[in-house]
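Read through the structure below, which is laid out as structure tokens, and then see the notes.
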Amino acid sequence: MVEEIIGVENLTKRYISGIIRQKEVYGARDVSFNIKRGEILSLVGESGSGKSTIANMILRLLKPTKGEINLLGKSIREYKIKNYYENVQGIFQDPYSSYNFFYKVDHVLNQAISHSLSWVDIAEKERIIANTLGIVGLRPDETLGRFPHQLSGGQLQRILLARCLLFKPRLLIADEPTSMIDACARAEVLNLLRKLRDKSGISVLFITHDIGQAQYISDRVIVMKQGEIVEGGPTNEVFLNPKEDYTKALLSSVPSIYRRWYT
Ligand SMILES: Nc1ncnc2c1ncn2[C@@H]1O[C@H](COP(=O)(O)OP(=O)(O)OP(=O)(O)O)[C@@H](O)[C@H]1O
Ligand SMILES: [Mg+2]
């Protein structure tokens with residue numbers, strides 16, 4: 001049996017916004033899915049469809065209004081925060097916002113390793129950091145010792161990915177990780193995620209509104225609209241034979257260079 005890494009059941013988030021006239025919005029409504037070991041699942045949907053709401057609930061940055069999240073078959077409420085983040089890590093849209101520009105980029109890596117491998121001596125920590133940078137395709141002598149503004153968006157995003165890997169997580173949540181970096185770095189990050197999955201068996205929840213990226217990277221895809229799942233299944237099945245008009249509309253908005261893959 002393939003091991004389930006994360007499972008969400010009837011996950012719901014109701015936001016209340018507005019000061020005078022309060023308005024209810026469902027960021028997510030009765031969303032259920034799971035991700036197996038070594039699987040890349042994409043969540044796709046237009047802006048505001050609830051993708052980040054789901055990601056942030058799994059990352060424990062948002063409290064669900066209703067529903068269950070299970071990690072390795074156990075409710076996430078039963079995990080201590082530190083233990084949870086050893087299993088689940090995330091990277092986000094804007095790599096720049098994860099850095100304090102007064103510190104060298106080493107800071108985010110040192111912080112992570114002092115949490116995840118606190119008992120290891122300094123020389124060993126340095127070796128592990130250099131090795132992990134190598135895994136994400138960066139050379140330590142070209143990255144360490146520099147300030148964030150001295151590196152590209154793609155390099156900064158890869159350092160954040162290395163930071164996640166220092167925890168050896170089972171699940172990586174990548175919320176539009178490529179939308180603020182250039183096309184070339186984008187392809188590198190996508191290939192890197194696939195390579196990581198192939199080599200280490202990590203599971204990935206990949207979030208995008210770009211159907212092309214979802215098609216390229218994922219084994220399975222879930223299409224969301226207004227907080228709800230519209231359809232889901234193996235990537236090619238969903239994209240080659242979409243059942244719902246919403247999915248068809250999303251596909252028809254893909255630039256023509258991609259479209260021949262789907263029609
Ligand atoms: N803190 C909040 N308060 C009120 N409503 C919110 C809040 N955060 C999100 N929403 C609403 O919840 C819905 C889902 O938002 P969410 O950010 O999850 O969408 P998304 O699919 O990630 O969009 P994007 O592709 O633009 O990142 C939207 O209608 C949004 O306006
Ligand atoms: Mg979002």
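Chain labels run A, B, ... following the order of the structure tokens; each chain numbers its residues from 1, and ligands are numbered from 1 in the order shown.
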Practice item. Write out as a list in words each polymer residue whose atoms come within 7 Å of A:Ile202, counting only C-alpha atoms; drop sequence neighbours fewer than 2 positions from it. Key: Arg37, Gly38, Arg170, Leu171, Leu196, Arg197, Ser200 and Val204 of chain A
Review point. Do you know which residues are at most 12 Å from A:Gln93 counting only C-alpha atoms, after dropping those on the same chain fewer than 3 positions away, and could you put them as a list in words?
Key: Ser52, Gly90, Tyr96, Ser97, Ser98, Gly153, Gly154, Leu156, Gln157, Leu160, Ile173, Ala174, Asp175, Glu176, Pro177, Thr178, Ser179, Met180, Ile181, Arg186, Phe206, Ile207, Thr208 and His209 of chain A
Which residues of chain A sit at most 12 Å from ligand 1, using only C-alpha atoms and all ligand atoms? Give each one's shortest atom pair and distance in Å (one decimal place), in chain and ascending residue order, as JSON lines.
{"residue": "A:Thr12", "atom": "CA", "partner": "ligand 1", "partner_atom_place_in_ligand_line": "12 (O)", "distance": 11.0}
{"residue": "A:Lys13", "atom": "CA", "partner": "ligand 1", "partner_atom_place_in_ligand_line": "12 (O)", "distance": 8.3}
{"residue": "A:Arg14", "atom": "CA", "partner": "ligand 1", "partner_atom_place_in_ligand_line": "5 (N)", "distance": 8.0}
{"residue": "A:Tyr15", "atom": "CA", "partner": "ligand 1", "partner_atom_place_in_ligand_line": "4 (C)", "distance": 4.7}
{"residue": "A:Ile16", "atom": "CA", "partner": "ligand 1", "partner_atom_place_in_ligand_line": "4 (C)", "distance": 5.7}
{"residue": "A:Ser17", "atom": "CA", "partner": "ligand 1", "partner_atom_place_in_ligand_line": "4 (C)", "distance": 5.0}
{"residue": "A:Gly18", "atom": "CA", "partner": "ligand 1", "partner_atom_place_in_ligand_line": "4 (C)", "distance": 8.3}
{"residue": "A:Ile19", "atom": "CA", "partner": "ligand 1", "partner_atom_place_in_ligand_line": "4 (C)", "distance": 11.5}
{"residue": "A:Gln22", "atom": "CA", "partner": "ligand 1", "partner_atom_place_in_ligand_line": "4 (C)", "distance": 10.3}
{"residue": "A:Lys23", "atom": "CA", "partner": "ligand 1", "partner_atom_place_in_ligand_line": "4 (C)", "distance": 8.6}
{"residue": "A:Glu24", "atom": "CA", "partner": "ligand 1", "partner_atom_place_in_ligand_line": "4 (C)", "distance": 7.9}
{"residue": "A:Val25", "atom": "CA", "partner": "ligand 1", "partner_atom_place_in_ligand_line": "5 (N)", "distance": 6.0}
{"residue": "A:Tyr26", "atom": "CA", "partner": "ligand 1", "partner_atom_place_in_ligand_line": "12 (O)", "distance": 6.1}
{"residue": "A:Gly27", "atom": "CA", "partner": "ligand 1", "partner_atom_place_in_ligand_line": "12 (O)", "distance": 3.7}
{"residue": "A:Ala28", "atom": "CA", "partner": "ligand 1", "partner_atom_place_in_ligand_line": "14 (C)", "distance": 7.0}
{"residue": "A:Arg29", "atom": "CA", "partner": "ligand 1", "partner_atom_place_in_ligand_line": "14 (C)", "distance": 10.3}
{"residue": "A:Leu43", "atom": "CA", "partner": "ligand 1", "partner_atom_place_in_ligand_line": "21 (O)", "distance": 8.8}
{"residue": "A:Val44", "atom": "CA", "partner": "ligand 1", "partner_atom_place_in_ligand_line": "21 (O)", "distance": 7.8}
{"residue": "A:Gly45", "atom": "CA", "partner": "ligand 1", "partner_atom_place_in_ligand_line": "21 (O)", "distance": 6.2}
{"residue": "A:Glu46", "atom": "CA", "partner": "ligand 1", "partner_atom_place_in_ligand_line": "25 (O)", "distance": 5.7}
{"residue": "A:Ser47", "atom": "CA", "partner": "ligand 1", "partner_atom_place_in_ligand_line": "25 (O)", "distance": 3.4}
{"residue": "A:Gly48", "atom": "CA", "partner": "ligand 1", "partner_atom_place_in_ligand_line": "19 (O)", "distance": 3.4}
{"residue": "A:Ser49", "atom": "CA", "partner": "ligand 1", "partner_atom_place_in_ligand_line": "21 (O)", "distance": 3.9}
{"residue": "A:Gly50", "atom": "CA", "partner": "ligand 1", "partner_atom_place_in_ligand_line": "18 (O)", "distance": 3.2}
{"residue": "A:Lys51", "atom": "CA", "partner": "ligand 1", "partner_atom_place_in_ligand_line": "21 (O)", "distance": 3.8}
{"residue": "A:Ser52", "atom": "CA", "partner": "ligand 1", "partner_atom_place_in_ligand_line": "22 (O)", "distance": 3.7}
{"residue": "A:Thr53", "atom": "CA", "partner": "ligand 1", "partner_atom_place_in_ligand_line": "18 (O)", "distance": 3.7}
{"residue": "A:Ile54", "atom": "CA", "partner": "ligand 1", "partner_atom_place_in_ligand_line": "18 (O)", "distance": 6.6}
{"residue": "A:Ala55", "atom": "CA", "partner": "ligand 1", "partner_atom_place_in_ligand_line": "18 (O)", "distance": 8.0}
{"residue": "A:Asn56", "atom": "CA", "partner": "ligand 1", "partner_atom_place_in_ligand_line": "18 (O)", "distance": 8.3}
{"residue": "A:Met57", "atom": "CA", "partner": "ligand 1", "partner_atom_place_in_ligand_line": "18 (O)", "distance": 9.9}
{"residue": "A:Leu61", "atom": "CA", "partner": "ligand 1", "partner_atom_place_in_ligand_line": "1 (N)", "distance": 11.3}
{"residue": "A:Leu62", "atom": "CA", "partner": "ligand 1", "partner_atom_place_in_ligand_line": "1 (N)", "distance": 9.2}
{"residue": "A:Lys63", "atom": "CA", "partner": "ligand 1", "partner_atom_place_in_ligand_line": "1 (N)", "distance": 11.3}
{"residue": "A:Phe92", "atom": "CA", "partner": "ligand 1", "partner_atom_place_in_ligand_line": "27 (O)", "distance": 10.2}
{"residue": "A:Gln93", "atom": "CA", "partner": "ligand 1", "partner_atom_place_in_ligand_line": "27 (O)", "distance": 8.6}
{"residue": "A:Asp94", "atom": "CA", "partner": "ligand 1", "partner_atom_place_in_ligand_line": "27 (O)", "distance": 11.3}
{"residue": "A:Ala174", "atom": "CA", "partner": "ligand 1", "partner_atom_place_in_ligand_line": "22 (O)", "distance": 11.6}
{"residue": "A:Asp175", "atom": "CA", "partner": "ligand 1", "partner_atom_place_in_ligand_line": "22 (O)", "distance": 8.0}
{"residue": "A:Glu176", "atom": "CA", "partner": "ligand 1", "partner_atom_place_in_ligand_line": "27 (O)", "distance": 7.7}
{"residue": "A:Pro177", "atom": "CA", "partner": "ligand 1", "partner_atom_place_in_ligand_line": "27 (O)", "distance": 11.0}
{"residue": "A:Ser179", "atom": "CA", "partner": "ligand 1", "partner_atom_place_in_ligand_line": "25 (O)", "distance": 10.3}
{"residue": "A:Phe206", "atom": "CA", "partner": "ligand 1", "partner_atom_place_in_ligand_line": "22 (O)", "distance": 11.8}
{"residue": "A:Ile207", "atom": "CA", "partner": "ligand 1", "partner_atom_place_in_ligand_line": "22 (O)", "distance": 8.2}
{"residue": "A:Thr208", "atom": "CA", "partner": "ligand 1", "partner_atom_place_in_ligand_line": "25 (O)", "distance": 7.1}
{"residue": "A:His209", "atom": "CA", "partner": "ligand 1", "partner_atom_place_in_ligand_line": "25 (O)", "distance": 6.0}
{"residue": "A:Asp210", "atom": "CA", "partner": "ligand 1", "partner_atom_place_in_ligand_line": "25 (O)", "distance": 9.6}
{"residue": "A:Val223", "atom": "CA", "partner": "ligand 1", "partner_atom_place_in_ligand_line": "21 (O)", "distance": 10.4}
{"residue": "A:Met224", "atom": "CA", "partner": "ligand 1", "partner_atom_place_in_ligand_line": "21 (O)", "distance": 7.9}
{"residue": "A:Lys225", "atom": "CA", "partner": "ligand 1", "partner_atom_place_in_ligand_line": "21 (O)", "distance": 8.2}
{"residue": "A:Gln226", "atom": "CA", "partner": "ligand 1", "partner_atom_place_in_ligand_line": "29 (O)", "distance": 6.9}
{"residue": "A:Gly227", "atom": "CA", "partner": "ligand 1", "partner_atom_place_in_ligand_line": "14 (C)", "distance": 6.4}
{"residue": "A:Glu228", "atom": "CA", "partner": "ligand 1", "partner_atom_place_in_ligand_line": "14 (C)", "distance": 10.1}
{"residue": "A:Ile229", "atom": "CA", "partner": "ligand 1", "partner_atom_place_in_ligand_line": "21 (O)", "distance": 11.6}
**Study point:** A:Leu117 surroundings by only C-alpha atoms, 10 Å radius, close-in-sequence under 4 positions cut, as a PyMOL selection string
**Key:** chain A and resi 112-113+121+124-125+128+166-167
Take the residues from that selection and write them out as a compact mmCIF listing (two decimals), in the first residue's frame, keeping all heavy atoms.
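In the end it all went to again.txt:
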# COMPACT_ATOMS: atom_id res chain seq x y z
N ALA A 112 17.92 27.53 10.41
CA ALA A 112 17.25 26.25 10.18
C ALA A 112 18.07 25.11 10.76
O ALA A 112 17.53 24.23 11.45
CB ALA A 112 17.03 26.03 8.69
N ILE A 113 19.37 25.12 10.52
CA ILE A 113 20.16 23.98 10.96
C ILE A 113 20.31 23.97 12.48
O ILE A 113 20.40 22.92 13.11
CB ILE A 113 21.53 23.93 10.24
CG1 ILE A 113 22.03 22.48 10.23
CG2 ILE A 113 22.55 24.87 10.83
CD1 ILE A 113 23.12 22.21 9.25
N ASP A 121 28.21 19.51 15.47
CA ASP A 121 29.20 20.57 15.65
C ASP A 121 29.29 21.48 14.41
O ASP A 121 28.77 21.16 13.35
CB ASP A 121 30.58 20.00 16.05
CG ASP A 121 31.24 19.22 14.92
OD1 ASP A 121 31.09 19.63 13.75
OD2 ASP A 121 31.89 18.20 15.19
N GLU A 124 30.54 20.25 11.00
CA GLU A 124 29.58 19.34 10.37
C GLU A 124 28.39 20.12 9.81
O GLU A 124 27.89 19.84 8.72
CB GLU A 124 29.13 18.29 11.41
CG GLU A 124 28.13 17.26 10.92
CD GLU A 124 28.65 16.33 9.83
OE1 GLU A 124 29.82 16.45 9.43
OE2 GLU A 124 27.85 15.50 9.37
N LYS A 125 27.97 21.15 10.55
CA LYS A 125 26.87 21.99 10.07
C LYS A 125 27.26 22.65 8.74
O LYS A 125 26.48 22.70 7.80
CB LYS A 125 26.52 23.08 11.09
CG LYS A 125 25.65 22.56 12.23
CD LYS A 125 25.30 23.69 13.19
CE LYS A 125 24.51 23.12 14.36
NZ LYS A 125 24.60 23.88 15.57
N ILE A 128 27.10 20.15 5.99
CA ILE A 128 25.73 19.81 5.60
C ILE A 128 25.11 20.95 4.77
O ILE A 128 24.45 20.72 3.75
CB ILE A 128 24.86 19.50 6.85
CG1 ILE A 128 25.36 18.21 7.51
CG2 ILE A 128 23.39 19.37 6.48
CD1 ILE A 128 24.77 17.90 8.87
N LEU A 166 16.94 21.13 4.80
CA LEU A 166 17.73 20.87 6.01
C LEU A 166 16.89 20.16 7.07
O LEU A 166 17.42 19.49 7.94
CB LEU A 166 18.27 22.19 6.58
CG LEU A 166 19.40 22.84 5.77
CD1 LEU A 166 19.72 24.22 6.30
CD2 LEU A 166 20.65 21.96 5.80
N PHE A 167 15.57 20.30 6.97
CA PHE A 167 14.69 19.61 7.92
C PHE A 167 14.36 18.19 7.46
O PHE A 167 13.68 17.46 8.15
CB PHE A 167 13.38 20.39 8.09
CG PHE A 167 13.55 21.71 8.80
CD1 PHE A 167 13.79 22.87 8.08
CD2 PHE A 167 13.47 21.77 10.18
CE1 PHE A 167 13.95 24.09 8.73
CE2 PHE A 167 13.63 22.99 10.84
CZ PHE A 167 13.87 24.15 10.12
Check the DSSP output for the backbone and give back, as an mmCIF file with N, CA and C atoms, in the first residue's frame, the residues of stretch 37-183 of chain A in strand (DSSP E).
data_model
loop_
_atom_site.group_PDB
_atom_site.id
_atom_site.type_symbol
_atom_site.label_atom_id
_atom_site.label_comp_id
_atom_site.auth_asym_id
_atom_site.auth_seq_id
_atom_site.Cartn_x
_atom_site.Cartn_y
_atom_site.Cartn_z
ATOM 1 N N ILE A 40 3.581 14.226 -6.571
ATOM 2 C CA ILE A 40 3.475 15.679 -6.750
ATOM 3 C C ILE A 40 2.032 15.977 -7.146
ATOM 4 N N LEU A 41 1.349 16.707 -6.279
ATOM 5 C CA LEU A 41 -0.045 17.063 -6.542
ATOM 6 C C LEU A 41 -0.108 18.568 -6.784
ATOM 7 N N SER A 42 -0.738 18.946 -7.890
ATOM 8 C CA SER A 42 -0.910 20.380 -8.137
ATOM 9 C C SER A 42 -2.306 20.821 -7.762
ATOM 10 N N LEU A 43 -2.365 21.999 -7.145
ATOM 11 C CA LEU A 43 -3.653 22.666 -6.924
ATOM 12 C C LEU A 43 -3.686 23.814 -7.918
ATOM 13 N N VAL A 44 -4.655 23.800 -8.817
ATOM 14 C CA VAL A 44 -4.744 24.888 -9.790
ATOM 15 C C VAL A 44 -6.099 25.583 -9.651
ATOM 16 N N LYS A 66 -13.298 24.422 9.986
ATOM 17 C CA LYS A 66 -13.842 23.068 10.140
ATOM 18 C C LYS A 66 -12.946 22.093 9.383
ATOM 19 N N GLY A 67 -13.013 20.843 9.745
ATOM 20 C CA GLY A 67 -12.287 19.840 8.960
ATOM 21 C C GLY A 67 -11.070 19.297 9.678
ATOM 22 N N GLU A 68 -10.470 18.335 9.060
ATOM 23 C CA GLU A 68 -9.348 17.608 9.650
ATOM 24 C C GLU A 68 -8.139 17.643 8.715
ATOM 25 N N ILE A 69 -6.968 17.725 9.301
ATOM 26 C CA ILE A 69 -5.733 17.535 8.526
ATOM 27 C C ILE A 69 -4.952 16.444 9.244
ATOM 28 N N ASN A 70 -4.599 15.409 8.514
ATOM 29 C CA ASN A 70 -3.827 14.315 9.113
ATOM 30 C C ASN A 70 -2.469 14.207 8.448
ATOM 31 N N LEU A 71 -1.457 14.131 9.286
ATOM 32 C CA LEU A 71 -0.105 13.876 8.782
ATOM 33 C C LEU A 71 0.244 12.456 9.190
ATOM 34 N N LYS A 74 -2.225 10.779 11.447
ATOM 35 C CA LYS A 74 -2.499 11.306 12.790
ATOM 36 C C LYS A 74 -2.858 12.788 12.685
ATOM 37 N N SER A 75 -3.871 13.209 13.420
ATOM 38 C CA SER A 75 -4.294 14.612 13.362
ATOM 39 C C SER A 75 -3.122 15.541 13.655
ATOM 40 N N VAL A 88 6.819 18.953 7.545
ATOM 41 C CA VAL A 88 6.132 19.768 6.530
ATOM 42 C C VAL A 88 6.812 21.126 6.432
ATOM 43 N N GLN A 89 7.257 21.469 5.243
ATOM 44 C CA GLN A 89 7.924 22.746 5.022
ATOM 45 C C GLN A 89 7.317 23.448 3.808
ATOM 46 N N GLY A 90 7.508 24.760 3.735
ATOM 47 C CA GLY A 90 6.902 25.490 2.614
ATOM 48 C C GLY A 90 7.810 26.528 1.994
ATOM 49 N N ILE A 91 7.625 26.723 0.685
ATOM 50 C CA ILE A 91 8.233 27.882 0.015
ATOM 51 C C ILE A 91 7.104 28.662 -0.655
ATOM 52 N N LEU A 171 6.919 16.410 3.331
ATOM 53 C CA LEU A 171 6.029 17.152 2.435
ATOM 54 C C LEU A 171 6.551 18.566 2.255
ATOM 55 N N LEU A 172 6.614 18.963 0.993
ATOM 56 C CA LEU A 172 6.980 20.343 0.693
ATOM 57 C C LEU A 172 5.767 21.015 0.069
ATOM 58 N N ILE A 173 5.403 22.161 0.599
ATOM 59 C CA ILE A 173 4.304 22.923 0.016
ATOM 60 C C ILE A 173 4.922 24.095 -0.731
ATOM 61 N N ALA A 174 4.676 24.145 -2.015
ATOM 62 C CA ALA A 174 5.278 25.186 -2.844
ATOM 63 C C ALA A 174 4.144 26.031 -3.422
ATOM 64 N N ASP A 175 3.937 27.216 -2.818
ATOM 65 C CA ASP A 175 2.809 28.069 -3.209
ATOM 66 C C ASP A 175 3.287 29.093 -4.250
#
Check your understanding: Can you list, as a PyMOL selection string, every residue of stretch 15-239 of chain A that DSSP puts in alpha helix (DSSP H)?
Key -> chain A and resi 51-58+81-87+106-116+122-135+140-143+153-165+183-200+211-217+235-239
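The space separating atom CA of A:Asp245 from atom CA of A:Ile222 comes to 14.4 Å.
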Practice item. Work out how far atom CA of A:Thr235 is from atom CA of A:Asp198, in Å to one decimal. Key: 17.4 Å
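Counting only C-alpha atoms, A:Arg158 has the following residues at most 8 Å away, ignoring those fewer than 2 positions along the same chain: A:Val136, A:Gly137, A:Leu138, A:Gly154, A:Gln155, A:Leu156, A:Leu160, A:Leu161, A:Ala162, A:Val189.
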